[in-house]
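Structure data (mmCIF, C-alpha atoms) from query.cif:
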```
data_final
loop_
_atom_site.label_atom_id
_atom_site.label_comp_id
_atom_site.auth_asym_id
_atom_site.auth_seq_id
_atom_site.Cartn_x
_atom_site.Cartn_y
_atom_site.Cartn_z
CA MET A 1 -22.25 69.25 42.87
CA ARG A 2 -24.57 67.03 44.85
CA LEU A 3 -27.04 66.91 42.02
CA HIS A 4 -24.31 66.13 39.53
CA LEU A 5 -23.09 63.24 41.68
CA LEU A 6 -26.56 61.88 42.04
CA ARG A 7 -27.21 62.07 38.32
CA SER A 8 -23.95 60.27 37.54
CA CYS A 9 -24.68 57.59 40.07
CA LEU A 10 -28.21 57.09 38.82
CA ALA A 11 -27.04 56.92 35.24
CA ALA A 12 -24.67 54.11 36.15
CA ALA A 13 -27.29 52.39 38.26
CA THR A 14 -29.85 52.57 35.51
CA LEU A 15 -27.43 50.97 33.10
CA ALA A 16 -26.85 48.25 35.65
CA LEU A 17 -30.57 47.57 35.77
CA ALA A 18 -30.68 46.93 32.04
CA ALA A 19 -30.27 43.34 30.88
CA PRO A 20 -26.59 42.53 30.19
CA GLY A 21 -27.25 42.00 26.49
CA ILE A 22 -28.59 45.46 25.97
CA GLN A 23 -26.22 47.42 28.13
CA ALA A 24 -23.95 48.41 25.29
CA GLN A 25 -26.88 49.90 23.42
CA SER A 26 -28.18 51.64 26.51
CA ARG A 27 -25.09 53.64 27.44
CA SER A 28 -26.10 56.58 25.33
CA LEU A 29 -29.66 56.70 26.63
CA ASP A 30 -30.87 59.90 28.18
CA LEU A 31 -31.52 59.01 31.78
CA GLY A 32 -34.42 61.39 32.16
CA SER A 33 -36.26 59.91 29.21
CA ILE A 34 -35.75 56.18 29.75
CA PHE A 35 -39.04 55.55 31.50
CA ASP A 36 -40.93 58.07 29.40
CA THR A 37 -39.79 56.20 26.31
CA ALA A 38 -41.13 52.93 27.65
CA LYS A 39 -44.38 54.53 28.70
CA ASN A 40 -44.89 56.25 25.37
CA LEU A 41 -44.08 53.11 23.46
CA ALA A 42 -46.54 51.11 25.49
CA LYS A 43 -49.12 53.81 24.91
CA SER A 44 -48.52 53.80 21.15
CA GLN A 45 -48.63 50.01 21.06
CA SER A 46 -52.03 50.08 22.68
CA VAL A 47 -54.33 47.11 23.10
CA GLY A 48 -56.35 48.21 20.11
CA SER A 49 -53.34 48.33 17.79
CA MET A 50 -52.36 44.70 18.30
CA SER A 51 -53.42 42.58 15.36
CA GLU A 52 -55.73 39.61 15.77
CA GLU A 53 -52.95 37.37 14.49
CA GLU A 54 -50.65 38.54 17.29
CA GLU A 55 -53.40 38.08 19.84
CA LEU A 56 -53.96 34.52 18.61
CA ALA A 57 -50.23 33.77 18.82
CA ILE A 58 -50.18 34.88 22.45
CA GLY A 59 -53.31 32.89 23.18
CA LYS A 60 -51.84 29.74 21.66
CA GLU A 61 -48.86 29.88 24.02
CA VAL A 62 -51.11 30.52 26.99
CA VAL A 63 -53.46 27.64 26.19
CA ALA A 64 -50.67 25.11 25.63
CA ALA A 65 -49.08 26.03 28.95
CA THR A 66 -52.41 25.98 30.81
CA LEU A 67 -53.34 22.55 29.49
CA GLY A 68 -50.04 21.31 30.89
CA SER A 69 -51.47 21.87 34.36
CA TYR A 70 -55.14 21.34 33.60
CA PRO A 71 -55.57 18.55 31.01
CA PRO A 72 -58.86 18.43 29.15
CA ILE A 73 -61.44 15.86 30.22
CA ARG A 74 -61.25 12.96 27.76
CA ASP A 75 -64.89 12.91 26.76
CA SER A 76 -65.48 13.95 23.15
CA GLY A 77 -69.26 14.05 23.55
CA LEU A 78 -69.07 16.42 26.52
CA GLN A 79 -66.47 18.63 24.84
CA HIS A 80 -68.41 18.78 21.59
CA ARG A 81 -71.59 19.75 23.43
CA LEU A 82 -69.73 22.42 25.42
CA ASN A 83 -68.42 23.90 22.16
CA GLN A 84 -71.92 24.01 20.67
CA ILE A 85 -73.13 26.03 23.67
CA GLY A 86 -70.03 28.21 23.88
CA VAL A 87 -69.91 29.13 20.21
CA TRP A 88 -73.62 29.96 20.24
CA ILE A 89 -73.02 32.47 23.06
CA ALA A 90 -69.84 33.83 21.42
CA LEU A 91 -71.82 34.48 18.24
CA GLN A 92 -73.79 37.09 20.21
CA SER A 93 -70.58 38.96 21.10
CA SER A 94 -68.78 41.80 19.33
CA ARG A 95 -66.18 39.35 17.98
CA PRO A 96 -68.21 36.43 16.57
CA ASP A 97 -65.59 35.49 13.99
CA LEU A 98 -62.76 34.66 16.39
CA PRO A 99 -61.79 30.97 16.35
CA TRP A 100 -63.67 30.22 19.57
CA ARG A 101 -62.67 27.02 21.38
CA PHE A 102 -64.14 25.69 24.63
CA ALA A 103 -62.91 22.85 26.79
CA ALA A 104 -63.74 21.28 30.13
CA VAL A 105 -60.56 20.64 32.13
CA GLU A 106 -59.59 18.45 35.04
CA SER A 107 -59.81 20.46 38.25
CA ASP A 108 -62.18 20.28 41.18
CA ALA A 109 -61.86 24.04 41.70
CA ILE A 110 -64.89 26.10 40.72
CA ASN A 111 -63.34 28.25 38.04
CA ALA A 112 -63.11 29.17 34.38
CA PHE A 113 -60.26 30.67 32.38
CA ALA A 114 -60.03 32.82 29.28
CA ALA A 115 -56.99 33.02 27.03
CA PRO A 116 -56.42 35.77 24.48
CA GLY A 117 -57.75 34.90 21.03
CA GLY A 118 -60.87 33.01 22.08
CA THR A 119 -60.11 29.83 24.03
CA ILE A 120 -62.19 29.32 27.18
CA LEU A 121 -61.49 26.59 29.72
CA VAL A 122 -64.06 25.51 32.31
CA THR A 123 -63.19 23.27 35.24
CA ARG A 124 -64.96 20.06 36.16
CA GLY A 125 -65.75 21.76 39.47
CA MET A 126 -67.55 24.57 37.68
CA LEU A 127 -69.60 22.15 35.57
CA GLY A 128 -70.65 20.46 38.78
CA HIS A 129 -71.66 23.79 40.33
CA VAL A 130 -73.94 25.19 37.61
CA THR A 131 -77.47 23.80 37.76
CA ASN A 132 -78.67 24.52 34.23
CA GLU A 133 -77.43 25.65 30.83
CA ALA A 134 -78.44 29.27 31.45
CA GLU A 135 -76.05 29.48 34.41
CA LEU A 136 -73.29 27.97 32.31
CA ALA A 137 -74.07 30.60 29.66
CA CYS A 138 -73.42 33.34 32.25
CA VAL A 139 -70.04 31.83 33.12
CA LEU A 140 -69.02 31.39 29.48
CA GLY A 141 -70.32 34.87 28.66
CA HIS A 142 -68.15 36.33 31.44
CA GLU A 143 -65.03 34.72 30.00
CA ILE A 144 -65.99 35.67 26.44
CA GLY A 145 -66.23 39.24 27.70
CA HIS A 146 -62.62 39.14 28.89
CA VAL A 147 -61.56 38.01 25.41
CA THR A 148 -63.60 40.50 23.40
CA ARG A 149 -62.38 43.37 25.56
CA ARG A 150 -58.79 42.08 25.45
CA HIS A 151 -58.45 42.48 29.19
CA HIS A 152 -55.50 40.12 29.46
CA ILE A 153 -53.55 41.74 26.67
CA ALA A 154 -53.89 45.01 28.54
CA VAL A 155 -52.62 43.38 31.74
CA LEU A 156 -49.71 41.87 29.87
CA GLN A 157 -48.72 45.21 28.40
CA LYS A 158 -49.01 46.93 31.75
CA SER A 159 -47.00 44.23 33.44
CA LEU A 160 -44.24 44.48 30.85
CA LEU A 161 -44.09 48.17 31.48
CA VAL A 162 -43.84 48.08 35.24
CA SER A 163 -41.40 45.21 35.52
CA ALA A 164 -37.98 44.67 34.02
CA GLY A 165 -39.67 45.16 30.68
CA ALA A 166 -39.28 48.90 31.14
CA SER A 167 -35.61 48.77 30.29
CA ALA A 168 -36.06 46.10 27.65
CA LEU A 169 -38.80 48.13 26.01
CA SER A 170 -36.58 51.16 25.97
CA ALA A 171 -33.81 49.26 24.23
CA ALA A 172 -36.27 47.69 21.84
CA SER A 173 -37.61 51.10 20.92
CA LYS A 174 -34.09 52.16 19.91
CA THR A 175 -33.35 49.06 17.88
CA GLY A 176 -36.32 47.25 16.50
CA GLY A 177 -39.32 49.41 17.27
CA SER A 178 -42.75 47.85 17.37
CA GLN A 179 -41.61 44.52 15.93
CA GLU A 180 -39.27 43.94 18.86
CA TYR A 181 -41.92 45.09 21.28
CA ARG A 182 -44.40 42.58 19.92
CA LYS A 183 -41.85 39.79 20.07
CA LEU A 184 -41.40 40.66 23.73
CA LEU A 185 -45.13 40.45 24.31
CA ILE A 186 -45.41 37.03 22.72
CA GLY A 187 -42.31 35.77 24.53
CA GLU A 188 -43.61 37.00 27.85
CA SER A 189 -46.89 35.17 27.32
CA LYS A 190 -45.12 31.84 27.71
CA GLU A 191 -44.83 32.61 31.39
CA ILE A 192 -48.07 31.94 33.19
CA PHE A 193 -48.66 33.70 36.46
CA ASN A 194 -51.55 34.59 38.66
CA ARG A 195 -52.77 38.08 38.19
CA ARG A 196 -55.82 39.85 39.48
CA LEU A 197 -57.61 41.88 36.87
CA ASP A 198 -58.83 45.15 38.23
CA ARG A 199 -62.30 45.52 39.66
CA SER A 200 -63.66 47.31 36.63
CA SER A 201 -62.54 44.52 34.27
CA GLU A 202 -64.38 41.92 36.32
CA ARG A 203 -67.47 44.09 36.49
CA GLU A 204 -67.39 44.56 32.72
CA ALA A 205 -67.05 40.80 32.22
CA ASP A 206 -69.97 40.13 34.57
CA GLU A 207 -72.08 42.61 32.62
CA ASP A 208 -71.08 40.93 29.36
CA GLY A 209 -71.96 37.53 30.79
CA ILE A 210 -75.51 38.67 31.57
CA LEU A 211 -75.89 40.47 28.24
CA LEU A 212 -74.61 37.60 26.09
CA ALA A 213 -76.70 35.02 27.95
CA ALA A 214 -79.79 37.17 27.42
CA ARG A 215 -79.00 37.73 23.73
CA ALA A 216 -78.57 33.98 23.28
CA GLY A 217 -82.12 33.44 24.57
CA TYR A 218 -81.33 32.37 28.14
CA ASP A 219 -82.97 33.77 31.27
CA PRO A 220 -80.48 36.43 32.48
CA ALA A 221 -81.67 35.99 36.07
CA ALA A 222 -79.78 32.69 36.05
CA CYS A 223 -76.61 34.79 36.41
CA LEU A 224 -77.89 36.15 39.72
CA ASN A 225 -78.90 32.69 40.96
CA PHE A 226 -75.46 31.35 40.12
CA MET A 227 -73.71 34.20 41.92
CA GLN A 228 -75.97 33.92 44.97
CA ARG A 229 -75.19 30.22 45.28
CA LEU A 230 -71.49 30.95 44.92
CA ALA A 231 -71.76 33.58 47.67
CA ALA A 232 -73.40 31.04 49.96
CA LEU A 233 -70.40 28.71 49.77
CA LYS A 234 -67.75 28.95 52.45
CA VAL A 235 -65.06 31.39 51.39
CA ASP A 236 -62.30 29.19 52.75
CA THR A 237 -63.40 26.26 50.63
CA ASN A 238 -60.39 24.96 48.69
CA ALA A 239 -62.45 24.85 45.54
CA LEU A 240 -62.89 28.62 45.75
CA ALA A 241 -59.42 29.67 46.86
CA ALA A 242 -58.06 30.38 43.39
CA LEU A 243 -61.27 32.08 42.25
CA TYR A 244 -61.21 34.58 45.11
CA LYS A 245 -57.56 35.36 44.49
CA THR A 246 -58.47 36.72 41.10
CA HIS A 247 -62.05 37.92 41.40
CA PRO A 248 -63.99 40.15 43.76
CA THR A 249 -65.98 38.16 46.32
CA ALA A 250 -69.25 36.68 45.18
CA GLY A 251 -71.06 38.86 47.72
CA GLU A 252 -69.86 42.00 45.96
CA ARG A 253 -70.68 40.55 42.58
CA VAL A 254 -74.25 39.67 43.61
CA VAL A 255 -74.94 43.37 44.12
CA ASP A 256 -73.38 44.32 40.77
CA VAL A 257 -75.17 41.56 38.86
CA ASP A 258 -78.48 42.57 40.41
CA ASN A 259 -77.92 46.16 39.30
CA SER A 260 -76.98 45.06 35.79
CA LEU A 261 -80.15 42.99 35.46
CA GLY A 262 -82.17 46.12 36.18
CA ARG A 263 -80.51 47.96 33.30
CA LEU A 264 -81.22 45.33 30.62
CA LYS A 265 -83.27 46.48 27.65
CA GLY A 266 -84.85 43.80 25.45
CA ALA A 267 -84.98 41.07 28.08
CA ALA A 268 -85.93 41.00 31.74
CA ALA A 269 -85.19 38.73 34.68
CA GLY A 270 -87.29 35.59 34.28
CA ASP A 271 -87.60 36.12 30.53
CA GLY A 272 -85.76 33.37 28.66
CA ALA A 273 -84.88 29.71 28.66
CA ARG A 274 -83.22 27.61 31.35
CA PRO A 275 -82.50 24.36 29.50
CA GLU A 276 -81.43 21.36 31.48
CA LEU A 277 -77.66 20.95 31.56
CA THR A 278 -76.78 18.04 29.34
CA LEU A 279 -73.05 18.16 30.10
CA ASN A 280 -72.62 15.41 32.60
CA ALA A 281 -69.23 16.11 34.13
CA ALA A 282 -69.84 13.57 36.88
CA ALA A 283 -70.41 10.81 34.35
CA ALA A 284 -67.12 11.76 32.71
CA GLY A 285 -65.47 11.05 36.06
CA GLY A 286 -64.71 7.49 35.09
CA GLN A 287 -62.28 8.82 32.55
CA LYS A 288 -60.63 11.22 34.97
CA ASN A 289 -57.64 9.02 35.69
CA GLN A 290 -57.23 8.16 32.06
CA ALA A 291 -56.87 11.85 31.28
CA ARG A 292 -53.95 12.33 33.66
CA MET B 1 -23.79 63.20 52.11
CA LYS B 2 -24.46 59.78 53.60
CA THR B 3 -27.22 59.33 51.06
CA ILE B 4 -24.90 60.16 48.20
CA LEU B 5 -22.30 57.71 49.49
CA SER B 6 -24.91 55.00 49.82
CA LEU B 7 -26.03 55.53 46.27
CA LEU B 8 -22.43 55.46 45.04
CA LEU B 9 -22.00 52.14 46.80
CA LEU B 10 -25.05 50.80 45.02
CA CYS B 11 -23.50 51.87 41.74
CA THR B 12 -20.58 49.54 42.32
CA LEU B 13 -22.79 46.45 42.67
CA SER B 14 -22.83 43.98 39.77
CA PRO B 15 -25.61 44.30 37.20
CA VAL B 16 -26.91 40.84 38.03
CA ALA B 17 -27.07 41.58 41.72
CA LEU B 18 -28.90 44.80 41.05
CA ALA B 19 -31.29 43.22 38.65
CA GLN B 20 -32.12 40.54 41.15
CA GLY B 21 -32.67 42.93 44.01
CA GLY B 22 -36.26 44.04 43.59
CA GLY B 23 -36.02 46.44 46.50
CA ILE B 24 -33.00 48.19 45.13
CA SER B 25 -34.47 48.30 41.66
CA ASP B 26 -37.64 49.85 42.96
CA LEU B 27 -35.70 52.36 45.03
CA LEU B 28 -33.62 53.41 42.06
CA ARG B 29 -36.64 53.69 39.83
CA SER B 30 -38.28 55.94 42.37
CA VAL B 31 -35.19 58.09 42.74
CA THR B 32 -34.76 58.29 38.98
CA GLY B 33 -38.23 59.67 38.67
CA ALA B 34 -37.57 62.19 41.41
CA ILE B 35 -34.37 63.43 39.81
CA SER B 36 -35.76 63.63 36.32
CA GLY B 37 -38.76 65.42 37.69
CA LYS B 38 -41.01 63.05 35.79
CA GLU B 39 -43.23 60.26 36.91
CA SER B 40 -41.48 56.93 36.88
CA ALA B 41 -43.08 53.58 36.12
CA ALA B 42 -44.88 52.27 39.18
CA PRO B 43 -43.45 49.10 40.69
CA ALA B 44 -45.61 46.00 40.58
CA GLN B 45 -47.71 45.58 43.68
CA LYS B 46 -46.47 43.11 46.24
CA GLY B 47 -48.02 39.70 45.78
CA GLU B 48 -48.89 40.31 42.14
CA THR B 49 -46.30 38.34 40.26
CA ALA B 50 -47.27 39.96 37.04
CA VAL B 51 -48.91 38.88 33.87
CA LEU B 52 -51.08 37.18 32.07
CA GLY B 53 -53.96 35.65 30.22
CA VAL B 54 -55.11 32.97 32.56
CA ARG B 55 -56.51 33.94 35.89
CA GLY B 56 -57.25 31.77 38.83
CA MET B 57 -54.65 29.11 38.22
CA ASP B 58 -53.05 27.65 41.26
CA GLU B 59 -49.73 29.47 41.63
CA GLY B 60 -47.79 26.27 42.20
CA ASP B 61 -49.19 24.73 39.06
CA ALA B 62 -48.54 27.89 37.12
CA LYS B 63 -44.85 27.90 37.99
CA THR B 64 -44.27 24.26 37.08
CA THR B 65 -46.52 24.05 34.08
CA ALA B 66 -45.15 22.61 30.83
CA PRO B 67 -46.76 23.22 27.44
CA ALA B 68 -49.09 20.47 26.21
CA ALA B 69 -49.19 20.74 22.42
CA GLY B 70 -51.01 17.43 22.06
CA ASP B 71 -53.87 18.64 24.20
CA SER B 72 -54.05 21.84 22.16
CA ARG B 73 -54.63 19.69 19.08
CA LEU B 74 -57.39 17.85 20.95
CA LEU B 75 -59.15 21.16 21.49
CA GLU B 76 -59.07 21.76 17.76
CA SER B 77 -60.71 18.39 17.14
CA TRP B 78 -63.67 19.41 19.34
CA ALA B 79 -64.19 22.75 17.57
CA VAL B 80 -67.66 23.61 16.35
CA GLY B 81 -68.59 26.00 13.53
CA ARG B 82 -71.24 28.71 13.43
CA LYS B 83 -73.85 26.64 11.58
CA GLU B 84 -73.60 23.68 13.90
CA ALA B 85 -73.84 25.92 16.98
CA GLU B 86 -76.89 27.69 15.56
CA ALA B 87 -78.58 24.40 14.69
CA ALA B 88 -77.92 22.99 18.16
CA ALA B 89 -79.33 26.13 19.78
CA ALA B 90 -82.44 25.96 17.61
CA ARG B 91 -83.01 22.34 18.66
CA ARG B 92 -83.12 23.50 22.27
CA GLY B 93 -85.56 26.27 21.43
CA LEU B 94 -83.05 29.10 21.82
CA THR B 95 -83.50 32.19 19.66
CA ALA B 96 -81.13 35.16 19.48
CA ARG B 97 -82.67 38.48 20.46
CA PRO B 98 -81.49 42.10 20.53
CA VAL B 99 -80.60 43.00 24.09
CA THR B 100 -78.61 46.03 25.28
CA TYR B 101 -78.00 47.99 28.48
CA GLU B 102 -79.91 51.20 29.10
#
```

Reformat the file's structure so that it appears as structure tokens.
Amino acid sequence: MRLHLLRSCLAAATLALAAPGIQAQSRSLDLGSIFDTAKNLAKSQSVGSMSEEEELAIGKEVVAATLGSYPPIRDSGLQHRLNQIGVWIALQSSRPDLPWRFAAVESDAINAFAAPGGTILVTRGMLGHVTNEAELACVLGHEIGHVTRRHHIAVLQKSLLVSAGASALSAASKTGGSQEYRKLLIGESKEIFNRRLDRSSEREADEDGILLAARAGYDPAACLNFMQRLAALKVDTNALAALYKTHPTAGERVVDVDNSLGRLKGAAAGDGARPELTLNAAAAGGQKNQAR
Amino acid sequence: MKTILSLLLLCTLSPVALAQGGGISDLLRSVTGAISGKESAAPAQKGETAVLGVRGMDEGDAKTTAPAAGDSRLLESWAVGRKEAEAAAARRGLTARPVTYE
């Protein structure tokens, strides 16, 4: 009797949790299977099964929204030069044919962003922090790694599953199947939030940064120098606040980067170029106000 | 018995109120899993407002951001192709090399 009451109550409560528009469709759902359905669907619609076209559509929404907060620096010469460097590094990755786009954006924070589909944004603060092109290559390589491994698509799918998306996914699975699910993914991407990728994703991206920089002919040890200098900065510096919300501390990453350098085959620390950085973000400062 | 009555009371709440109450939603999800004997979806961790492709944005900016289609077009105008990138790298003395991890 008790169990029956509980089941009835939970059935009603579960229906109440569903979005109003899908309640009518959900009334016949088997309570015990509602979350399994969502989980299985998410599993079947895995990161690998999403087409490149869909990934690009999500990325486009993300980039447009991000540029609303972080406008690009209005300096065509700087942006063009950044793209030459970025594309060269991306060509060494597992997805060289993506439409790679790079842009320096207005923000004094030391940070860089990656959007699904191959757009990488680097802040003015970051350009001021790197001391040569090899260090910039490590930063760009890290972000390229997030894109090639589709880390953010995975986070998006997971997030949809664990939030209200669970009930929406269940309804979608009954009505429209994968098409509806994908529409949900793209729709959800319009909302930009902060989200920490897990530790392993950041470690993978750091490894990719070193690897891609080395493949592109840069000295991979520049990645360690960059991280060591980052670690030496005060943690409570405003410019680092956002970075440390979403990444492990630089101190932890110094250890990981050092270990990765030791595992490189085909290039060693100290072996490679460290060209002078020709992107003068400070000189572009005169146009900062114009960009806003 | 008190527990059953409490749950019945929750059942009478409006869908909107339930949907907005994260705590209640999480509780019900947990209980649902327990009753069905199967693992339920884990609730999002506190402080992680879920999703997406851009990390490290200031949260305030992220919530008030508005799409900038014009700036997206600017990005396209700065795009560089493979040949140009390779030529620029060659001018700086950079050569691609096969590197892997052991």

Within 9 Å of file point (-57.7, 31.9, 20.9), counting all atoms listed in the file, expressed as a PDB file with C-alpha atoms, in the frame of the given file:
```
ATOM      1  CA  GLU A  55     -53.400  38.080  19.840  1.00  0.00           C
ATOM      2  CA  LEU A  56     -53.960  34.520  18.610  1.00  0.00           C
ATOM      3  CA  ALA A  57     -50.230  33.770  18.820  1.00  0.00           C
ATOM      4  CA  ILE A  58     -50.180  34.880  22.450  1.00  0.00           C
ATOM      5  CA  GLY A  59     -53.310  32.890  23.180  1.00  0.00           C
ATOM      6  CA  LYS A  60     -51.840  29.740  21.660  1.00  0.00           C
ATOM      7  CA  VAL A  63     -53.460  27.640  26.190  1.00  0.00           C
ATOM      8  CA  LEU A  98     -62.760  34.660  16.390  1.00  0.00           C
ATOM      9  CA  PRO A  99     -61.790  30.970  16.350  1.00  0.00           C
ATOM     10  CA  TRP A 100     -63.670  30.220  19.570  1.00  0.00           C
ATOM     11  CA  ARG A 101     -62.670  27.020  21.380  1.00  0.00           C
ATOM     12  CA  ALA A 114     -60.030  32.820  29.280  1.00  0.00           C
ATOM     13  CA  ALA A 115     -56.990  33.020  27.030  1.00  0.00           C
ATOM     14  CA  PRO A 116     -56.420  35.770  24.480  1.00  0.00           C
ATOM     15  CA  GLY A 117     -57.750  34.900  21.030  1.00  0.00           C
ATOM     16  CA  GLY A 118     -60.870  33.010  22.080  1.00  0.00           C
ATOM     17  CA  THR A 119     -60.110  29.830  24.030  1.00  0.00           C
ATOM     18  CA  ILE A 120     -62.190  29.320  27.180  1.00  0.00           C
ATOM     19  CA  VAL A 147     -61.560  38.010  25.410  1.00  0.00           C
TER      20      VAL A 147
END
```

Given the PyMOL selection byres ((chain A and resi 278) around 9), the residues it picks as a ChimeraX atom specification
/A:78,81,132-133,275-277,279-280

Compare A:Val257, A:Leu264, A:Ile89, A:Ala250 by their minimum atom-to-atom distance to chain B, counting only C-alpha atoms, and give me the closest one.
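The answer is A:Leu264, which sits nearest to chain B.
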
Any chance you could work out the residue set of the PyMOL selection byres ((chain A and resi 102) around 12) here, as a PyMOL selection string?
(chain A and resi 63+72-73+76+78-90+99-101+103-105+112-115+117-123+140-141+143-144) or (chain B and resi 72+74-81)

Evaluating the PyMOL selection byres ((chain B and resi 68) around 10) on the displayed file yields which residues, as a VMD selection string?
(chain A and resid 61 63 to 71) or (chain B and resid 65 to 67 69 to 73)

What is the distance, in Å and to one decimal place, between atom CA of A:Met50 and atom CA of A:Ser93?
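Taking atom CA of A:Met50 as the start and atom CA of A:Ser93 as the end point, the length is 19.3 Å.
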
Point-to-point distance from atom CA of A:Arg150 to atom CA of B:Tyr101, Å rounded to tenths:
20.3 Å
